[in-house]
Amino acid sequence: MSVTPTGAKPYYYVPQPSYWPITGSCALLLMAFGAAAWFNAYAMGPWLVLAGFAVLLTMMFGWFGAVIGESEHRLYNKKVDLSFRWGMSWFIFSEVMFFAAFFGALFYVRNISVPDLGDLGQKLLWPDYTAGWPTNGPYLKEVFTPMQAIGIPLLNTIILVSSGGTLTVAHHALKMGHRGALKFWLFVTVVLGFTFLGFQAYEYGHAYSELNLKLSTGVYGSTFFMLTGFHGFHVTIGAIMLSVMLGRAFRGHFDAEHHFAFEAAAWYWHFVDVVWLLLFILVYWL
Amino acid sequence: MSSIPHDHAAGHGVDHEHAHHPGGIMRWITTTNHKDIGTLYLWFSFIMFLVGGVMALAIRAELFQPGLQLVEPEFFNQLNTVHGLVMIFGAIMPAAVGFANWQVPLMIGAPDMAFARMNNWSFWLLPFAAVLLLSSFIVPGGAASAGWTLYPPLSVQTGMGMDLTIFAVHIMGASSIMGSINIITTILNMRAPGMTMMKMPLFVWTWLITAYLLIAVMPVLAGAVTMLLTDRHFGTSFFNAAGGGDPVLFQHIFWFFGHPEVYIMILPSFGIVSTIIPAFARKPLFGYASMVYATGSIAILSFLVWAHHMFTVGMPAAGQVFFMYVTMLIAVPTAVKVFNWVATMWKGSMTFETPMLFAIGFIFMFTVGGFTGLVLSLVPVDIVLHDTYYVVAHFHYVLVAGSLFAFFGGIYYWLPKWSGRMYDETLGKWHFWTSFVFFNITFFPMHFLGLAGMPRRVPDYATQFTDWNEVASIGAFGFGLSQLIFLYAVLKAIRSGPPAPARPWEGSDTLDIRDPAAGELKRIYLKRNERLMMEHATRRERPVPAQRGANMRTALILLSIAVVLFGGVIAAGYSGGSTAGIGVLGFAIIGFLLVAILRNVRR
């Protein structure tokens, strides 16, 4: 290993051999086989998925627990901390690109495929179809009511944006060493996050039962539920991450300098916040 | 396979001094050592190369004669599809990551990868994904048969094998993203003191850019196959016109991933070739900075060309013109690279050991593949050649004789350092020459077949195509058998090869070969920097600070590319693709090419 100009032995924490990765691989294999079986109506499918998920949870508890332990034993120095920062940034970039695929699909259907289906060239195939948005396409005749922006979505926007604010207050409290304020504002953030999810679940129920708006409601339903659904999934993950941070705050983890786990969760939370703003404008509003 | 023990405890705190290191198979399953993981990646990719290769041989056996002899047409389609997926996601990409795992930490003087435990998971997801993918052959309905591009509506209508394929793609994508985050972080954060970005070996640069491309496009592929999955099972209408969607939407999303993917598969090979050629020409790499900028330009342009895979699906002429010209523009940075490799060899004291043979073979064959790509970028030509064997020939020239040959060269080049033992030069040369000859026997006739109109992905064909198909099939079996020489040469070297010297190639200049002994790194860097600077000074006959001017000039050239690109495209668009607009753009591109060449020649 190299020696720095000052002659000090350089240090970078390299973890010991670990059984957690192979555990995670087994979990994903079970879940993938299970889901494929499930979707093709094999009775064992859901059980395989459940078993895989249990293994995955075990892996997460074990692996993340190991990371938290290493962090609390101060095995991670500044260099490792910087690696985590790069790693989280690039992970969020990959998430941005994942959502870009679905926003791209939305752009394409609204600007290209739907206008094209109402175009003169398609009149032979779909003589009665007039292009417009929202639409469930030229073939499905079911009537549905599109989702309105004013109401729960607007309320959810306010909730999620405020949760970004309360999270920032919690972060400042952590940096100033005000543990009480950290716990309080982090708790408020988690509550706001789960409130958002509650409203979202209610809105989905409302859409299915009263608006006749479903995942299968043509391309409007597809894009609406896929975009908001994947966003909701990410909010769930973010809220769980913040809950873990809250638990760690109560256990006395983190100090003013050493709290990247908290910051990573916060970055992630702000990311889902920004995605929501795009959703609110592009999916609900326009 | 690495015989070099890796002392984790050296970098650790007291807590782990008595840590338990599992032995036997568990060592490989639990390892966090980048060298072990690199070895695992390389063996896995070789096994998948043989699996995909056997499928290719089954395809070639069926195509030896017209008519149906050996396999059912449905099974032929499955073989075609899984051959492509296995070779791309199972062989070429993991092999490149294997090289990165071994070489990147050594070349930049890092103790290990940035996230050593996650590194293990990036690898160990792959065999599981491969099990998913290959097990699809035994489920009802068989494996995915829509071609590796998984186009709907075919991919929405097939059986359970497609679901397994989709999940396999998800898992392989997760593996690639984690691996790339690891590599990027290692390169950006863990370089030894004195190793600035512009002093990194070119292999490290190419992998930095590859990793960026992977993180940008693998999630897009994940999104595309997720939409396929919901279209298949949950009634969504993304790719269904009846619900307002469009099958062409899948093609757009897929190729937004798929075209950068092409560069993901070739850039690491560029890096390997750029390492090998200076070592055996005994000259520093010609035009290092222009190589870096060319790699970056290729990466940027790769996001702007995806629809050249879709010229025949129906697209406005302005769109075709845009994608045609941007595609042709990629030839410029690629030509800079080929020029620089050739210029590195110019007046070098060359020797032709196996790695160098593969590198030179790479240059020739990759350039052929590049030129056929240029031919295919022309809309009017592509409309004729689309989905013919000409396309098959084109991408096998860049993927087999391109990526794969560079990997073979890289294995022979680094094996002495990895295993501590030398390979048998005679066997290596046999491997190269048989591969080279049989490769061309296999794939060169496919150009003729494609030009004559033979479509790809068919188990049967019209009788006038028989002769060249027979030649190609014979070549394919020869090429397949040649790879057994490679397996034997590697096993022989590892088991009983003569001990390799500490510096097996005296012409090589990168840290990994110069052996980063403890405490030596900084001195080596400084000395190397001084020497490089002096070489720069004498070569250019002007003082070193002129480098700043050179950077400025490169920036100006890059800026002019951008201006030319956008101006030309707008001009071409407004003129509706008129001759004047296209002519202006054409002259601008040729002018840029001349400037680029003249700038290099002046050195």
# chains A, B, ... in the order shown; residues from 1 in each chain; ligands from 1
call {"tool": "residues_around", "arguments": {"residues": "region 221-232 of chain A", "least_positions_apart": "6", "cutoff": "6 Å", "atoms": "only C-alpha atoms", "output": "list of chain:residue names"}}
result
A:Lys214, A:Leu215, B:Thr236
call {"tool": "atom_distance", "arguments": {"atom1": "CA of Leu160 (chain A)", "atom2": "CA of His253 (chain A)"}}
result
25.9 Å
call {"tool": "residues_around", "arguments": {"residues": "Pro17 (chain A)", "least_positions_apart": "2", "cutoff": "7 Å", "atoms": "only C-alpha atoms", "output": "MDAnalysis selection string"}}
result
(chainID A and resid 15) or (chainID B and resid 21 30:32)
call {"tool": "write_last_selection", "arguments": {"atoms": "N, CA and C atoms", "output": "PDB file, in the first residue's frame"}}
result
ATOM      1  N   PRO A  15     -14.059  -3.931   3.767  1.00  0.00           N
ATOM      2  CA  PRO A  15     -14.768  -4.871   4.629  1.00  0.00           C
ATOM      3  C   PRO A  15     -14.223  -6.291   4.509  1.00  0.00           C
TER       4      PRO A  15
ATOM      5  N   HIS B  21     -11.219 -15.521   7.543  1.00  0.00           N
ATOM      6  CA  HIS B  21     -11.326 -15.550   6.087  1.00  0.00           C
ATOM      7  C   HIS B  21     -11.693 -16.952   5.656  1.00  0.00           C
ATOM      8  N   THR B  30     -17.640 -15.283  -0.709  1.00  0.00           N
ATOM      9  CA  THR B  30     -17.736 -14.181   0.247  1.00  0.00           C
ATOM     10  C   THR B  30     -16.688 -13.094  -0.006  1.00  0.00           C
ATOM     11  N   THR B  31     -15.860 -13.269  -1.002  1.00  0.00           N
ATOM     12  CA  THR B  31     -14.677 -12.409  -1.120  1.00  0.00           C
ATOM     13  C   THR B  31     -15.021 -10.932  -1.296  1.00  0.00           C
ATOM     14  N   THR B  32     -14.174 -10.079  -0.736  1.00  0.00           N
ATOM     15  CA  THR B  32     -14.290  -8.641  -0.991  1.00  0.00           C
ATOM     16  C   THR B  32     -13.032  -8.117  -1.664  1.00  0.00           C
TER      17      THR B  32
END
call {"tool": "closest_residue", "arguments": {"among": "A:Val191, A:Ala54, A:Ala101, A:Val49", "to": "chain B", "atoms": "only C-alpha atoms"}}
result
A:Ala101
call {"tool": "closest_residue", "arguments": {"among": "A:Val169, A:Gly218, A:Thr23, A:Arg248", "to": "Gly69 (chain A)", "atoms": "only C-alpha atoms"}}
result
A:Arg248
call {"tool": "closest_residue", "arguments": {"among": "A:Leu57, A:Lys175, A:Gly180, A:Leu213", "to": "chain B", "atoms": "only C-alpha atoms"}}
result
A:Leu213
call {"tool": "atom_distance", "arguments": {"atom1": "CA of Thr226 (chain B)", "atom2": "CA of Phe167 (chain B)"}}
result
8.9 Å
call {"tool": "closest_residue", "arguments": {"among": "B:Thr466, B:Gln78, B:Asn33, B:Ser290", "to": "chain A", "atoms": "only C-alpha atoms"}}
result
B:Asn33
call {"tool": "atom_distance", "arguments": {"atom1": "CA of Pro105 (chain B)", "atom2": "CA of Trp267 (chain A)"}}
result
28.4 Å
call {"tool": "closest_residue", "arguments": {"among": "A:Ile159, A:Ala43, A:Glu142, A:Ile237", "to": "chain B", "atoms": "only C-alpha atoms"}}
result
A:Glu142
call {"tool": "select_by_dssp", "arguments": {"residues": "region 58-272 of chain A", "states": "alpha helix (DSSP H)", "output": "ChimeraX atom specification"}}
result
/A:58-72,78-108,114-117,152-176,179-206,218-250,260-272
call {"tool": "write_last_selection", "arguments": {"atoms": "C-alpha atoms", "output": "short mmCIF file (atom, residue, chain, number, x, y, z; two decimals), in the first residue's frame"}}
result
data_model
loop_
_atom_site.label_atom_id
_atom_site.label_comp_id
_atom_site.auth_asym_id
_atom_site.auth_seq_id
_atom_site.Cartn_x
_atom_site.Cartn_y
_atom_site.Cartn_z
CA THR A 58 -32.89 -10.66 6.47
CA MET A 59 -30.12 -9.61 4.12
CA MET A 60 -31.02 -5.93 4.48
CA PHE A 61 -31.12 -6.08 8.28
CA GLY A 62 -27.83 -7.94 8.35
CA TRP A 63 -25.98 -5.93 5.73
CA PHE A 64 -27.20 -2.48 6.71
CA GLY A 65 -26.72 -3.42 10.36
CA ALA A 66 -23.11 -4.29 9.59
CA VAL A 67 -22.63 -0.94 7.84
CA ILE A 68 -24.17 0.95 10.77
CA GLY A 69 -21.95 -0.97 13.18
CA GLU A 70 -18.83 -0.18 11.17
CA SER A 71 -19.84 3.45 10.99
CA GLU A 72 -20.48 3.67 14.73
CA LYS A 78 -13.15 11.11 5.43
CA LYS A 79 -12.06 9.21 2.34
CA VAL A 80 -14.68 6.50 2.87
CA ASP A 81 -17.24 9.19 3.60
CA LEU A 82 -16.44 10.83 0.27
CA SER A 83 -16.86 7.47 -1.48
CA PHE A 84 -20.33 7.17 0.04
CA ARG A 85 -21.17 10.65 -1.20
CA TRP A 86 -20.09 9.81 -4.75
CA GLY A 87 -21.89 6.48 -4.56
CA MET A 88 -25.18 7.98 -3.39
CA SER A 89 -25.01 10.76 -5.99
CA TRP A 90 -24.54 8.29 -8.82
CA PHE A 91 -27.28 6.06 -7.43
CA ILE A 92 -29.69 8.99 -7.46
CA PHE A 93 -28.60 9.77 -11.01
CA SER A 94 -29.52 6.20 -11.99
CA GLU A 95 -32.93 6.73 -10.38
CA VAL A 96 -33.37 9.94 -12.37
CA MET A 97 -32.74 7.97 -15.55
CA PHE A 98 -35.24 5.29 -14.45
CA PHE A 99 -37.96 7.92 -14.10
CA ALA A 100 -36.81 9.51 -17.35
CA ALA A 101 -37.87 6.33 -19.17
CA PHE A 102 -41.44 6.70 -17.89
CA PHE A 103 -41.61 10.47 -18.37
CA GLY A 104 -40.26 9.84 -21.88
CA ALA A 105 -43.08 7.38 -22.47
CA LEU A 106 -45.59 9.98 -21.28
CA PHE A 107 -44.09 12.60 -23.60
CA TYR A 108 -44.17 10.17 -26.51
CA VAL A 114 -52.04 9.61 -29.56
CA PRO A 115 -52.10 12.50 -32.12
CA ASP A 116 -50.96 9.97 -34.73
CA LEU A 117 -53.87 7.65 -33.91
CA ILE A 152 -55.72 15.55 -2.85
CA PRO A 153 -52.84 15.92 -5.34
CA LEU A 154 -52.42 19.60 -4.42
CA LEU A 155 -52.67 18.74 -0.73
CA ASN A 156 -50.05 16.02 -1.24
CA THR A 157 -47.79 18.53 -3.00
CA ILE A 158 -48.01 20.83 -0.01
CA ILE A 159 -47.35 17.91 2.36
CA LEU A 160 -44.32 16.63 0.46
CA VAL A 161 -42.76 20.06 -0.08
CA SER A 162 -43.21 20.90 3.61
CA SER A 163 -41.65 17.57 4.55
CA GLY A 164 -38.58 18.66 2.57
CA GLY A 165 -38.54 21.82 4.70
CA THR A 166 -38.93 20.02 8.03
CA LEU A 167 -36.17 17.60 7.01
CA THR A 168 -33.83 20.54 6.34
CA VAL A 169 -34.69 21.96 9.77
CA ALA A 170 -33.85 18.55 11.30
CA HIS A 171 -30.52 18.54 9.43
CA HIS A 172 -29.63 22.00 10.71
CA ALA A 173 -30.56 20.93 14.23
CA LEU A 174 -28.24 17.92 13.87
CA LYS A 175 -25.40 20.15 12.69
CA MET A 176 -25.95 22.54 15.62
CA ARG A 179 -30.70 16.56 19.50
CA GLY A 180 -34.23 17.31 20.70
CA ALA A 181 -35.03 19.45 17.68
CA LEU A 182 -33.45 16.84 15.39
CA LYS A 183 -35.72 14.10 16.74
CA PHE A 184 -38.80 16.32 16.68
CA TRP A 185 -38.41 17.61 13.11
CA LEU A 186 -37.32 14.24 11.77
CA PHE A 187 -40.40 12.73 13.38
CA VAL A 188 -42.57 15.38 11.74
CA THR A 189 -40.96 14.57 8.38
CA VAL A 190 -41.66 10.87 8.74
CA VAL A 191 -45.27 11.59 9.74
CA LEU A 192 -45.71 13.86 6.71
CA GLY A 193 -44.19 11.17 4.47
CA PHE A 194 -46.56 8.49 5.66
CA THR A 195 -49.49 10.94 5.48
CA PHE A 196 -48.62 11.50 1.84
CA LEU A 197 -48.68 7.75 1.27
CA GLY A 198 -52.02 7.45 3.05
CA PHE A 199 -53.58 10.09 0.82
CA GLN A 200 -52.04 8.46 -2.21
CA ALA A 201 -53.56 5.09 -1.24
CA TYR A 202 -56.93 6.75 -0.69
CA GLU A 203 -56.65 8.44 -4.09
CA TYR A 204 -55.93 5.10 -5.78
CA GLY A 205 -58.96 3.54 -4.11
CA HIS A 206 -61.07 6.48 -5.20
CA GLY A 218 -55.60 2.69 -21.88
CA VAL A 219 -52.47 4.72 -22.08
CA TYR A 220 -53.71 7.38 -19.64
CA GLY A 221 -54.21 4.83 -16.90
CA SER A 222 -50.90 3.13 -17.77
CA THR A 223 -48.82 6.29 -17.55
CA PHE A 224 -50.74 7.68 -14.57
CA PHE A 225 -50.42 4.58 -12.39
CA MET A 226 -46.90 3.63 -13.47
CA LEU A 227 -45.48 7.11 -12.83
CA THR A 228 -47.33 7.79 -9.58
CA GLY A 229 -46.97 4.15 -8.52
CA PHE A 230 -43.19 4.06 -8.92
CA HIS A 231 -43.02 7.43 -7.22
CA GLY A 232 -45.12 6.15 -4.34
CA PHE A 233 -42.83 3.12 -4.09
CA HIS A 234 -39.84 5.46 -3.85
CA VAL A 235 -41.59 7.58 -1.21
CA THR A 236 -42.18 4.39 0.77
CA ILE A 237 -38.49 3.50 0.59
CA GLY A 238 -37.55 7.08 1.49
CA ALA A 239 -39.95 7.12 4.44
CA ILE A 240 -38.53 3.81 5.70
CA MET A 241 -35.00 5.21 5.34
CA LEU A 242 -36.00 8.29 7.35
CA SER A 243 -37.68 6.10 9.97
CA VAL A 244 -34.43 4.18 10.37
CA MET A 245 -32.61 7.50 10.74
CA LEU A 246 -35.14 8.51 13.39
CA GLY A 247 -34.52 5.27 15.27
CA ARG A 248 -30.77 5.83 15.03
CA ALA A 249 -31.20 9.41 16.26
CA PHE A 250 -33.04 8.08 19.33
CA PHE A 260 -23.75 10.80 6.08
CA ALA A 261 -26.48 8.15 6.40
CA PHE A 262 -28.84 10.93 7.44
CA GLU A 263 -27.72 13.13 4.56
CA ALA A 264 -28.06 10.29 2.05
CA ALA A 265 -31.64 9.67 3.19
CA ALA A 266 -32.26 13.42 2.94
CA TRP A 267 -30.84 13.58 -0.59
CA TYR A 268 -33.08 10.70 -1.55
CA TRP A 269 -36.08 12.42 0.04
CA HIS A 270 -35.42 15.62 -1.89
CA PHE A 271 -35.09 13.56 -5.06
CA VAL A 272 -38.56 12.02 -4.61
#
call {"tool": "closest_residue", "arguments": {"among": "B:Ala144, B:Leu208, B:Leu249, B:Val104", "to": "chain A", "atoms": "only C-alpha atoms"}}
result
B:Leu249
call {"tool": "residues_around", "arguments": {"residues": "Pro138 (chain A)", "least_positions_apart": "2", "cutoff": "10 Å", "atoms": "only C-alpha atoms", "output": "JSON, numbers by chain"}}
result
{"A": [114, 117, 118, 125, 126, 127, 128, 129, 130, 131, 135, 136, 140, 141, 218], "B": [241, 242, 243, 244, 245]}
call {"tool": "write_last_selection", "arguments": {"atoms": "N, CA and C atoms", "output": "CSV table (one decimal), in the first residue's frame"}}
result
chain,number,residue,atom,x,y,z
A,114,VAL,N,-50.6,9.3,-29.6
A,114,VAL,CA,-52.0,9.6,-29.6
A,114,VAL,C,-52.4,10.5,-30.7
A,117,LEU,N,-52.7,8.5,-33.8
A,117,LEU,CA,-53.9,7.6,-33.9
A,117,LEU,C,-55.1,8.4,-34.3
A,118,GLY,N,-55.2,9.7,-34.0
A,118,GLY,CA,-56.3,10.5,-34.5
A,118,GLY,C,-56.1,11.1,-35.8
A,125,LEU,N,-58.4,2.6,-40.0
A,125,LEU,CA,-58.4,1.6,-38.9
A,125,LEU,C,-59.4,2.1,-37.8
A,126,TRP,N,-59.3,3.4,-37.4
A,126,TRP,CA,-60.1,3.9,-36.2
A,126,TRP,C,-60.9,5.1,-36.7
A,127,PRO,N,-62.0,4.9,-37.4
A,127,PRO,CA,-62.7,6.0,-38.0
A,127,PRO,C,-63.4,6.9,-37.0
A,128,ASP,N,-63.7,6.4,-35.8
A,128,ASP,CA,-64.4,7.3,-34.9
A,128,ASP,C,-63.5,8.0,-33.9
A,129,TYR,N,-62.2,7.7,-33.9
A,129,TYR,CA,-61.4,8.2,-32.9
A,129,TYR,C,-60.9,9.6,-33.1
A,130,THR,N,-61.1,10.4,-32.0
A,130,THR,CA,-60.6,11.8,-32.1
A,130,THR,C,-59.5,11.9,-31.0
A,131,ALA,N,-58.3,12.3,-31.4
A,131,ALA,CA,-57.2,12.4,-30.5
A,131,ALA,C,-57.4,13.4,-29.4
A,135,THR,N,-56.9,10.1,-22.6
A,135,THR,CA,-57.5,9.1,-23.5
A,135,THR,C,-57.2,7.7,-23.1
A,136,ASN,N,-58.1,6.8,-23.4
A,136,ASN,CA,-57.8,5.4,-23.2
A,136,ASN,C,-57.7,4.7,-24.5
A,140,LEU,N,-60.7,0.8,-26.5
A,140,LEU,CA,-61.4,0.6,-25.3
A,140,LEU,C,-62.5,1.6,-25.2
A,141,LYS,N,-63.7,1.1,-25.0
A,141,LYS,CA,-64.9,2.0,-25.0
A,141,LYS,C,-65.3,2.5,-23.6
A,218,GLY,N,-56.3,2.2,-20.7
A,218,GLY,CA,-55.6,2.7,-21.9
A,218,GLY,C,-54.3,3.3,-21.5
B,241,ALA,N,-51.5,-0.1,-29.6
B,241,ALA,CA,-52.1,1.0,-30.2
B,241,ALA,C,-53.6,1.1,-29.9
B,242,ALA,N,-54.2,0.0,-29.6
B,242,ALA,CA,-55.7,0.0,-29.2
B,242,ALA,C,-55.9,0.8,-28.0
B,243,GLY,N,-54.9,0.9,-27.1
B,243,GLY,CA,-55.1,1.7,-25.9
B,243,GLY,C,-54.5,3.0,-26.0
B,244,GLY,N,-54.0,3.4,-27.1
B,244,GLY,CA,-53.3,4.7,-27.3
B,244,GLY,C,-51.8,4.7,-27.3
B,245,GLY,N,-51.2,3.5,-27.1
B,245,GLY,CA,-49.8,3.4,-27.0
B,245,GLY,C,-49.2,3.1,-28.4
call {"tool": "residues_around", "arguments": {"residues": "Ala222 (chain B)", "least_positions_apart": "4", "cutoff": "9 Å", "atoms": "only C-alpha atoms", "output": "list in words"}}
result
Phe98 and Ala101 of chain A; Ile166, Val169, His170, Gly173, Ala174, Val217, Met218, Thr226 and Met227 of chain B
call {"tool": "write_last_selection", "arguments": {"atoms": "N, CA and C atoms", "output": "PDB file, in the first residue's frame"}}
result
ATOM      1  N   PHE A  98     -34.122   6.244 -14.481  1.00  0.00           N
ATOM      2  CA  PHE A  98     -35.239   5.294 -14.452  1.00  0.00           C
ATOM      3  C   PHE A  98     -36.550   6.036 -14.650  1.00  0.00           C
ATOM      4  N   ALA A 101     -37.270   7.270 -18.213  1.00  0.00           N
ATOM      5  CA  ALA A 101     -37.874   6.334 -19.169  1.00  0.00           C
ATOM      6  C   ALA A 101     -39.394   6.491 -19.159  1.00  0.00           C
TER       7      ALA A 101
ATOM      8  N   ILE B 166     -37.116 -11.029 -18.654  1.00  0.00           N
ATOM      9  CA  ILE B 166     -37.263  -9.663 -18.154  1.00  0.00           C
ATOM     10  C   ILE B 166     -36.632  -9.537 -16.765  1.00  0.00           C
ATOM     11  N   VAL B 169     -32.941  -9.581 -16.985  1.00  0.00           N
ATOM     12  CA  VAL B 169     -32.422  -8.277 -17.426  1.00  0.00           C
ATOM     13  C   VAL B 169     -32.423  -7.286 -16.258  1.00  0.00           C
ATOM     14  N   HIS B 170     -33.486  -7.316 -15.443  1.00  0.00           N
ATOM     15  CA  HIS B 170     -33.516  -6.446 -14.267  1.00  0.00           C
ATOM     16  C   HIS B 170     -32.309  -6.700 -13.366  1.00  0.00           C
ATOM     17  N   GLY B 173     -29.072  -5.720 -14.870  1.00  0.00           N
ATOM     18  CA  GLY B 173     -28.984  -4.262 -14.853  1.00  0.00           C
ATOM     19  C   GLY B 173     -28.571  -3.755 -13.491  1.00  0.00           C
ATOM     20  N   ALA B 174     -29.164  -4.326 -12.436  1.00  0.00           N
ATOM     21  CA  ALA B 174     -28.777  -3.916 -11.081  1.00  0.00           C
ATOM     22  C   ALA B 174     -27.300  -4.184 -10.863  1.00  0.00           C
ATOM     23  N   VAL B 217     -27.889   4.523 -18.747  1.00  0.00           N
ATOM     24  CA  VAL B 217     -28.829   3.815 -19.620  1.00  0.00           C
ATOM     25  C   VAL B 217     -29.387   2.512 -19.070  1.00  0.00           C
ATOM     26  N   MET B 218     -28.701   1.864 -18.135  1.00  0.00           N
ATOM     27  CA  MET B 218     -29.274   0.612 -17.622  1.00  0.00           C
ATOM     28  C   MET B 218     -30.637   0.843 -16.960  1.00  0.00           C
ATOM     29  N   THR B 226     -39.811  -3.185 -17.765  1.00  0.00           N
ATOM     30  CA  THR B 226     -40.902  -3.138 -16.793  1.00  0.00           C
ATOM     31  C   THR B 226     -42.217  -2.834 -17.497  1.00  0.00           C
ATOM     32  N   MET B 227     -42.175  -1.901 -18.461  1.00  0.00           N
ATOM     33  CA  MET B 227     -43.392  -1.611 -19.219  1.00  0.00           C
ATOM     34  C   MET B 227     -43.835  -2.824 -20.025  1.00  0.00           C
TER      35      MET B 227
END
call {"tool": "residues_around", "arguments": {"residues": "Gly90 (chain B)", "least_positions_apart": "4", "cutoff": "9 Å", "atoms": "only C-alpha atoms", "output": "VMD selection string"}}
result
chain B and resid 44 to 49 52 85 to 86 94 to 95 126 to 127 130 172
call {"tool": "write_last_selection", "arguments": {"atoms": "N, CA and C atoms", "output": "tab-separated table (two decimals), in the first residue's frame"}}
result
chain	number	residue	atom	x	y	z
B	44	PHE	N	-16.53	-16.29	-15.24
B	44	PHE	CA	-17.96	-16.33	-15.54
B	44	PHE	C	-18.19	-15.93	-16.99
B	45	SER	N	-17.55	-14.85	-17.42
B	45	SER	CA	-17.80	-14.38	-18.78
B	45	SER	C	-17.29	-15.40	-19.79
B	46	PHE	N	-16.19	-16.11	-19.46
B	46	PHE	CA	-15.70	-17.11	-20.41
B	46	PHE	C	-16.68	-18.27	-20.52
B	47	ILE	N	-17.22	-18.69	-19.37
B	47	ILE	CA	-18.21	-19.78	-19.40
B	47	ILE	C	-19.43	-19.35	-20.22
B	48	MET	N	-19.89	-18.11	-20.00
B	48	MET	CA	-21.05	-17.65	-20.76
B	48	MET	C	-20.70	-17.51	-22.24
B	49	PHE	N	-19.44	-17.16	-22.54
B	49	PHE	CA	-18.99	-17.08	-23.92
B	49	PHE	C	-19.10	-18.45	-24.58
B	52	GLY	N	-22.98	-19.18	-24.97
B	52	GLY	CA	-23.51	-18.43	-26.12
B	52	GLY	C	-22.91	-18.93	-27.42
B	85	LEU	N	-28.50	-12.24	-25.96
B	85	LEU	CA	-28.53	-11.77	-24.57
B	85	LEU	C	-27.35	-12.32	-23.77
B	86	VAL	N	-27.04	-13.61	-23.99
B	86	VAL	CA	-25.94	-14.22	-23.23
B	86	VAL	C	-24.62	-13.56	-23.60
B	94	PRO	N	-19.60	-8.53	-18.57
B	94	PRO	CA	-18.88	-8.98	-17.37
B	94	PRO	C	-17.38	-9.08	-17.59
B	95	ALA	N	-16.94	-9.46	-18.79
B	95	ALA	CA	-15.50	-9.53	-19.02
B	95	ALA	C	-14.88	-8.15	-18.84
B	126	LEU	N	-24.81	-11.98	-11.05
B	126	LEU	CA	-24.75	-12.41	-12.45
B	126	LEU	C	-25.03	-13.90	-12.65
B	127	PRO	N	-24.35	-14.80	-11.90
B	127	PRO	CA	-24.66	-16.23	-12.13
B	127	PRO	C	-26.13	-16.52	-11.88
B	130	ALA	N	-28.04	-15.44	-14.79
B	130	ALA	CA	-27.80	-16.38	-15.89
B	130	ALA	C	-28.66	-17.62	-15.71
B	172	MET	N	-29.44	-8.30	-14.02
B	172	MET	CA	-28.16	-7.96	-14.65
B	172	MET	C	-27.97	-6.46	-14.68
call {"tool": "decode", "arguments": {"residues": "region 465-474 of chain B", "atoms": "N, CA and C atoms", "output": "JSON list (two decimals), in the first residue's frame"}}
result
[["chain", "number", "residue", "atom", "x", "y", "z"],
["B", 465, "PHE", "N", -28.33, -18.52, -51.62],
["B", 465, "PHE", "CA", -27.45, -18.08, -50.53],
["B", 465, "PHE", "C", -26.62, -19.24, -49.96],
["B", 466, "THR", "N", -26.78, -20.44, -50.52],
["B", 466, "THR", "CA", -26.19, -21.64, -49.89],
["B", 466, "THR", "C", -24.67, -21.57, -49.75],
["B", 467, "ASP", "N", -23.97, -21.19, -50.83],
["B", 467, "ASP", "CA", -22.50, -21.28, -50.83],
["B", 467, "ASP", "C", -21.88, -20.51, -49.67],
["B", 468, "TRP", "N", -22.25, -19.24, -49.57],
["B", 468, "TRP", "CA", -21.59, -18.43, -48.55],
["B", 468, "TRP", "C", -22.03, -18.83, -47.15],
["B", 469, "ASN", "N", -23.26, -19.35, -47.01],
["B", 469, "ASN", "CA", -23.69, -19.85, -45.71],
["B", 469, "ASN", "C", -22.86, -21.05, -45.29],
["B", 470, "GLU", "N", -22.53, -21.90, -46.26],
["B", 470, "GLU", "CA", -21.71, -23.07, -45.92],
["B", 470, "GLU", "C", -20.32, -22.61, -45.47],
["B", 471, "VAL", "N", -19.76, -21.65, -46.20],
["B", 471, "VAL", "CA", -18.45, -21.12, -45.81],
["B", 471, "VAL", "C", -18.52, -20.56, -44.40],
["B", 472, "ALA", "N", -19.56, -19.75, -44.13],
["B", 472, "ALA", "CA", -19.67, -19.11, -42.81],
["B", 472, "ALA", "C", -19.81, -20.16, -41.72],
["B", 473, "SER", "N", -20.58, -21.23, -41.98],
["B", 473, "SER", "CA", -20.76, -22.25, -40.94],
["B", 473, "SER", "C", -19.46, -22.97, -40.66],
["B", 474, "ILE", "N", -18.69, -23.27, -41.72],
["B", 474, "ILE", "CA", -17.39, -23.94, -41.50],
["B", 474, "ILE", "C", -16.49, -23.02, -40.68]]
